[in-house]
Amino acid sequence: MLKKITFHFLVTILLVFPGHAEEIEGWDLFDWMDEALMGAWVLSPADKQLGTDSYKHKAVLPLVGTDATGIGFKLIGRETTIQEDLLPDTMKQMVTMYHCKDIACTTLKATHYCVKQNQPEFIANLEKSTPNRIVFDCDMRTELCQSNEDHVHQIIHELSNGGKHLKSSYLSWEDKKPKKNSSIYHFDRK
C-alpha cells in the first residue's frame, strides 16, 4: 500500500512540476563546438544560399559552389581556443576566437576580428544554445556593443542535415538597432 501511495505521489509531483531543460555550462558549449564545427567547410551552391545575398559579394562569389574553404574551425592554444577563419584568403577574411573566460569556463567568450575594422566581443548565450544551434551575443559591458557604430552584434551557427550543413549568421547592428542586411552564409562540410 505504501508503495502505491508513493508511486501516485511521485507521478503527481512530476505532472505538477514539469522538469526543466538541463542547464549547460561553458565547457559543454565548447565541447559541442569542438565536435560539430571542426574542420573545413565550403560555401554551398548559390541555390542553397537561402535568405541571403551575402554570397553575391565580389570577394565571396568566386568561392560559391567550389571546393575552396569558405570557413574553417581549428583548436589552438593547447586546445583551449577555437579559431574560426571565415572566407580565408579573400578581402572579406575575418577571424573569430572562441575561448573560456577562466579555467572553470564560467563564461565562454568570443572576439570577432571584422572587416568593418572593429572587434566586437561576445558572450555565449547558454540558454539559447543547443548542440545544433550555437549562439553568441554582443557583450553589452563593452563600449562597441553599446555604440552606434556598425558592428556584428550576434553570431549564430546552425547545423542541419546530420551535421553536414552549416548556416552561419553574423547579425549586425548600427545606431543601436538591427540592420536589415547582415552577413549570412550557408556551408557544406568539405
# chains A, B, ... in the order shown; residues from 1 in each chain; ligands from 1
call {"tool": "select_by_dssp", "arguments": {"residues": "chain A", "states": "alpha helix (DSSP H)", "output": "number ranges by chain"}}
result
A: 2-16, 26-37, 143-146
call {"tool": "residues_around", "arguments": {"residues": "His151 in chain A", "least_positions_apart": "5", "cutoff": "9 Å", "atoms": "only C-alpha atoms", "output": "list in words"}}
result
Cys114, Lys116, Asn118, Gln119, Pro120, Leu144, Cys145, Leu171, Ser172, Trp173 and Glu174 of chain A
call {"tool": "closest_residue", "arguments": {"among": "A:Ile155, A:Ala104, A:Met140, A:Val60", "to": "Glu84 in chain A", "atoms": "only C-alpha atoms"}}
result
A:Ile155
call {"tool": "closest_residue", "arguments": {"among": "A:Ala68, A:Ile156, A:Cys105, A:Met38", "to": "Ser168 in chain A", "atoms": "only C-alpha atoms"}}
result
A:Ile156
call {"tool": "select_by_dssp", "arguments": {"residues": "chain A", "states": "strand (DSSP E or B)", "output": "ChimeraX atom specification"}}
result
/A:39-43,69-76,81-86,94-100,108-113,121-124,130,133-138,151-160,165-174,177-178,183-189
call {"tool": "closest_residue", "arguments": {"among": "A:His186, A:Lys167, A:Lys177, A:Arg133", "to": "Trp32 in chain A", "atoms": "only C-alpha atoms"}}
result
A:Arg133
call {"tool": "residues_around", "arguments": {"residues": "Thr106 in chain A", "least_positions_apart": "3", "cutoff": "9 Å", "atoms": "only C-alpha atoms", "output": "list in words"}}
result
Glu25, Gly26, Trp27, Cys100, Lys101, Asp102 and Ile103 of chain A
call {"tool": "write_last_selection", "arguments": {"atoms": "C-alpha atoms", "output": "short mmCIF file (atom, residue, chain, number, x, y, z; two decimals), in the first residue's frame"}}
result
data_model
loop_
_atom_site.label_atom_id
_atom_site.label_comp_id
_atom_site.auth_asym_id
_atom_site.auth_seq_id
_atom_site.Cartn_x
_atom_site.Cartn_y
_atom_site.Cartn_z
CA GLU A 25 27.96 25.29 -18.88
CA GLY A 26 30.65 26.95 -20.95
CA TRP A 27 32.66 23.75 -21.31
CA CYS A 100 36.73 30.34 -21.89
CA LYS A 101 36.98 33.38 -19.64
CA ASP A 102 38.67 31.30 -16.94
CA ILE A 103 39.84 27.75 -16.26
#
call {"tool": "atom_distance", "arguments": {"atom1": "CA of His57 in chain A", "atom2": "CA of Ala40 in chain A"}}
result
20.8 Å
call {"tool": "closest_residue", "arguments": {"among": "A:Thr52, A:Gln117, A:Ser147, A:Thr90", "to": "Asp175 in chain A", "atoms": "only C-alpha atoms"}}
result
A:Ser147
call {"tool": "residues_around", "arguments": {"residues": "Met97 in chain A", "least_positions_apart": "2", "cutoff": "10 Å", "atoms": "only C-alpha atoms", "output": "VMD selection string"}}
result
chain A and resid 73 to 76 81 to 85 95 99 109 to 113 121 to 122
call {"tool": "write_last_selection", "arguments": {"atoms": "N, CA and C atoms", "output": "PDB file, in the first residue's frame"}}
result
ATOM      1  N   PHE A  73      37.386  25.761 -38.896  1.00  0.00           N
ATOM      2  CA  PHE A  73      37.495  25.815 -37.440  1.00  0.00           C
ATOM      3  C   PHE A  73      38.629  24.893 -37.014  1.00  0.00           C
ATOM      4  N   LYS A  74      39.454  25.373 -36.062  1.00  0.00           N
ATOM      5  CA  LYS A  74      40.507  24.515 -35.524  1.00  0.00           C
ATOM      6  C   LYS A  74      40.786  24.912 -34.082  1.00  0.00           C
ATOM      7  N   LEU A  75      41.293  23.938 -33.333  1.00  0.00           N
ATOM      8  CA  LEU A  75      41.700  24.165 -31.956  1.00  0.00           C
ATOM      9  C   LEU A  75      43.120  24.711 -31.941  1.00  0.00           C
ATOM     10  N   ILE A  76      43.360  25.709 -31.116  1.00  0.00           N
ATOM     11  CA  ILE A  76      44.704  26.252 -30.948  1.00  0.00           C
ATOM     12  C   ILE A  76      44.948  26.475 -29.445  1.00  0.00           C
ATOM     13  N   THR A  81      41.304  27.127 -27.228  1.00  0.00           N
ATOM     14  CA  THR A  81      40.678  28.161 -28.043  1.00  0.00           C
ATOM     15  C   THR A  81      40.275  27.561 -29.383  1.00  0.00           C
ATOM     16  N   ILE A  82      39.099  27.963 -29.844  1.00  0.00           N
ATOM     17  CA  ILE A  82      38.651  27.575 -31.184  1.00  0.00           C
ATOM     18  C   ILE A  82      38.834  28.787 -32.084  1.00  0.00           C
ATOM     19  N   GLN A  83      39.560  28.597 -33.167  1.00  0.00           N
ATOM     20  CA  GLN A  83      39.759  29.655 -34.149  1.00  0.00           C
ATOM     21  C   GLN A  83      38.842  29.403 -35.337  1.00  0.00           C
ATOM     22  N   GLU A  84      38.019  30.377 -35.632  1.00  0.00           N
ATOM     23  CA  GLU A  84      37.161  30.340 -36.821  1.00  0.00           C
ATOM     24  C   GLU A  84      37.786  31.252 -37.862  1.00  0.00           C
ATOM     25  N   ASP A  85      37.994  30.746 -39.054  1.00  0.00           N
ATOM     26  CA  ASP A  85      38.552  31.528 -40.151  1.00  0.00           C
ATOM     27  C   ASP A  85      37.492  31.602 -41.246  1.00  0.00           C
ATOM     28  N   VAL A  95      38.302  36.606 -38.665  1.00  0.00           N
ATOM     29  CA  VAL A  95      38.633  35.553 -37.718  1.00  0.00           C
ATOM     30  C   VAL A  95      37.849  35.803 -36.438  1.00  0.00           C
ATOM     31  N   HIS A  99      36.829  31.246 -26.655  1.00  0.00           N
ATOM     32  CA  HIS A  99      37.633  30.753 -25.544  1.00  0.00           C
ATOM     33  C   HIS A  99      36.887  30.946 -24.225  1.00  0.00           C
ATOM     34  N   LYS A 109      33.572  33.033 -24.169  1.00  0.00           N
ATOM     35  CA  LYS A 109      33.642  34.328 -24.836  1.00  0.00           C
ATOM     36  C   LYS A 109      34.098  34.159 -26.283  1.00  0.00           C
ATOM     37  N   ALA A 110      33.936  35.233 -27.047  1.00  0.00           N
ATOM     38  CA  ALA A 110      34.441  35.265 -28.414  1.00  0.00           C
ATOM     39  C   ALA A 110      34.831  36.699 -28.754  1.00  0.00           C
ATOM     40  N   THR A 111      35.833  36.828 -29.608  1.00  0.00           N
ATOM     41  CA  THR A 111      36.187  38.118 -30.188  1.00  0.00           C
ATOM     42  C   THR A 111      36.215  37.924 -31.692  1.00  0.00           C
ATOM     43  N   HIS A 112      35.499  38.803 -32.395  1.00  0.00           N
ATOM     44  CA  HIS A 112      35.364  38.727 -33.853  1.00  0.00           C
ATOM     45  C   HIS A 112      36.211  39.838 -34.471  1.00  0.00           C
ATOM     46  N   TYR A 113      37.202  39.466 -35.269  1.00  0.00           N
ATOM     47  CA  TYR A 113      38.083  40.418 -35.924  1.00  0.00           C
ATOM     48  C   TYR A 113      37.507  40.677 -37.311  1.00  0.00           C
ATOM     49  N   GLU A 121      33.148  41.994 -28.982  1.00  0.00           N
ATOM     50  CA  GLU A 121      33.339  40.886 -28.050  1.00  0.00           C
ATOM     51  C   GLU A 121      31.975  40.284 -27.726  1.00  0.00           C
ATOM     52  N   PHE A 122      31.946  38.963 -27.545  1.00  0.00           N
ATOM     53  CA  PHE A 122      30.698  38.229 -27.358  1.00  0.00           C
ATOM     54  C   PHE A 122      30.751  37.342 -26.128  1.00  0.00           C
TER      55      PHE A 122
END
call {"tool": "residues_around", "arguments": {"residues": "Lys164 in chain A", "least_positions_apart": "4", "cutoff": "12 Å", "atoms": "only C-alpha atoms", "output": "PyMOL selection string"}}
result
chain A and resi 36-44+132+158-160+186-190
call {"tool": "write_last_selection", "arguments": {"atoms": "N, CA and C atoms", "output": "mmCIF file, in the first residue's frame"}}
result
data_model
loop_
_atom_site.group_PDB
_atom_site.id
_atom_site.type_symbol
_atom_site.label_atom_id
_atom_site.label_comp_id
_atom_site.auth_asym_id
_atom_site.auth_seq_id
_atom_site.Cartn_x
_atom_site.Cartn_y
_atom_site.Cartn_z
ATOM 1 N N ALA A 36 31.225 19.519 -33.397
ATOM 2 C CA ALA A 36 30.376 19.782 -34.555
ATOM 3 C C ALA A 36 31.013 20.621 -35.653
ATOM 4 N N LEU A 37 31.891 21.522 -35.292
ATOM 5 C CA LEU A 37 32.349 22.515 -36.267
ATOM 6 C C LEU A 37 33.740 22.276 -36.831
ATOM 7 N N MET A 38 34.581 21.516 -36.159
ATOM 8 C CA MET A 38 35.987 21.403 -36.554
ATOM 9 C C MET A 38 36.152 20.987 -38.013
ATOM 10 N N GLY A 39 37.153 21.580 -38.623
ATOM 11 C CA GLY A 39 37.495 21.230 -39.995
ATOM 12 C C GLY A 39 37.083 22.311 -40.980
ATOM 13 N N ALA A 40 37.179 21.949 -42.253
ATOM 14 C CA ALA A 40 36.913 22.888 -43.342
ATOM 15 C C ALA A 40 35.506 22.692 -43.892
ATOM 16 N N TRP A 41 34.910 23.802 -44.287
ATOM 17 C CA TRP A 41 33.579 23.827 -44.881
ATOM 18 C C TRP A 41 33.655 24.647 -46.162
ATOM 19 N N VAL A 42 32.868 24.265 -47.166
ATOM 20 C CA VAL A 42 32.806 25.016 -48.422
ATOM 21 C C VAL A 42 31.491 25.773 -48.490
ATOM 22 N N LEU A 43 31.497 26.887 -49.201
ATOM 23 C CA LEU A 43 30.255 27.628 -49.403
ATOM 24 C C LEU A 43 29.310 26.793 -50.259
ATOM 25 N N SER A 44 28.078 26.672 -49.826
ATOM 26 C CA SER A 44 27.073 25.921 -50.573
ATOM 27 C C SER A 44 26.823 26.591 -51.919
ATOM 28 N N ASN A 132 22.989 21.855 -31.865
ATOM 29 C CA ASN A 132 22.809 22.187 -33.279
ATOM 30 C C ASN A 132 22.597 23.671 -33.547
ATOM 31 N N GLU A 158 24.227 27.368 -37.062
ATOM 32 C CA GLU A 158 23.155 26.376 -37.020
ATOM 33 C C GLU A 158 23.515 25.186 -37.899
ATOM 34 N N LEU A 159 23.505 24.014 -37.293
ATOM 35 C CA LEU A 159 23.841 22.778 -38.010
ATOM 36 C C LEU A 159 22.563 22.043 -38.404
ATOM 37 N N SER A 160 22.600 21.422 -39.579
ATOM 38 C CA SER A 160 21.480 20.604 -40.048
ATOM 39 C C SER A 160 22.017 19.493 -40.932
ATOM 40 N N HIS A 186 25.777 29.940 -46.047
ATOM 41 C CA HIS A 186 25.486 28.515 -45.923
ATOM 42 C C HIS A 186 26.715 27.747 -46.405
ATOM 43 N N PHE A 187 27.100 26.731 -45.608
ATOM 44 C CA PHE A 187 28.279 25.930 -45.896
ATOM 45 C C PHE A 187 27.937 24.449 -45.871
ATOM 46 N N ASP A 188 28.733 23.663 -46.574
ATOM 47 C CA ASP A 188 28.647 22.209 -46.527
ATOM 48 C C ASP A 188 30.011 21.676 -46.097
ATOM 49 N N ARG A 189 29.956 20.606 -45.299
ATOM 50 C CA ARG A 189 31.210 20.028 -44.805
ATOM 51 C C ARG A 189 32.062 19.577 -45.978
ATOM 52 N N LYS A 190 33.341 19.905 -45.948
ATOM 53 C CA LYS A 190 34.285 19.566 -47.021
ATOM 54 C C LYS A 190 34.643 18.097 -46.968
#
call {"tool": "closest_residue", "arguments": {"among": "A:Leu108, A:Thr96, A:Gly70, A:Pro62", "to": "Leu166 in chain A", "atoms": "only C-alpha atoms"}}
result
A:Gly70
call {"tool": "closest_residue", "arguments": {"among": "A:Asn161, A:Thr69, A:Asn148, A:Thr107", "to": "Lys179 in chain A", "atoms": "only C-alpha atoms"}}
result
A:Asn148
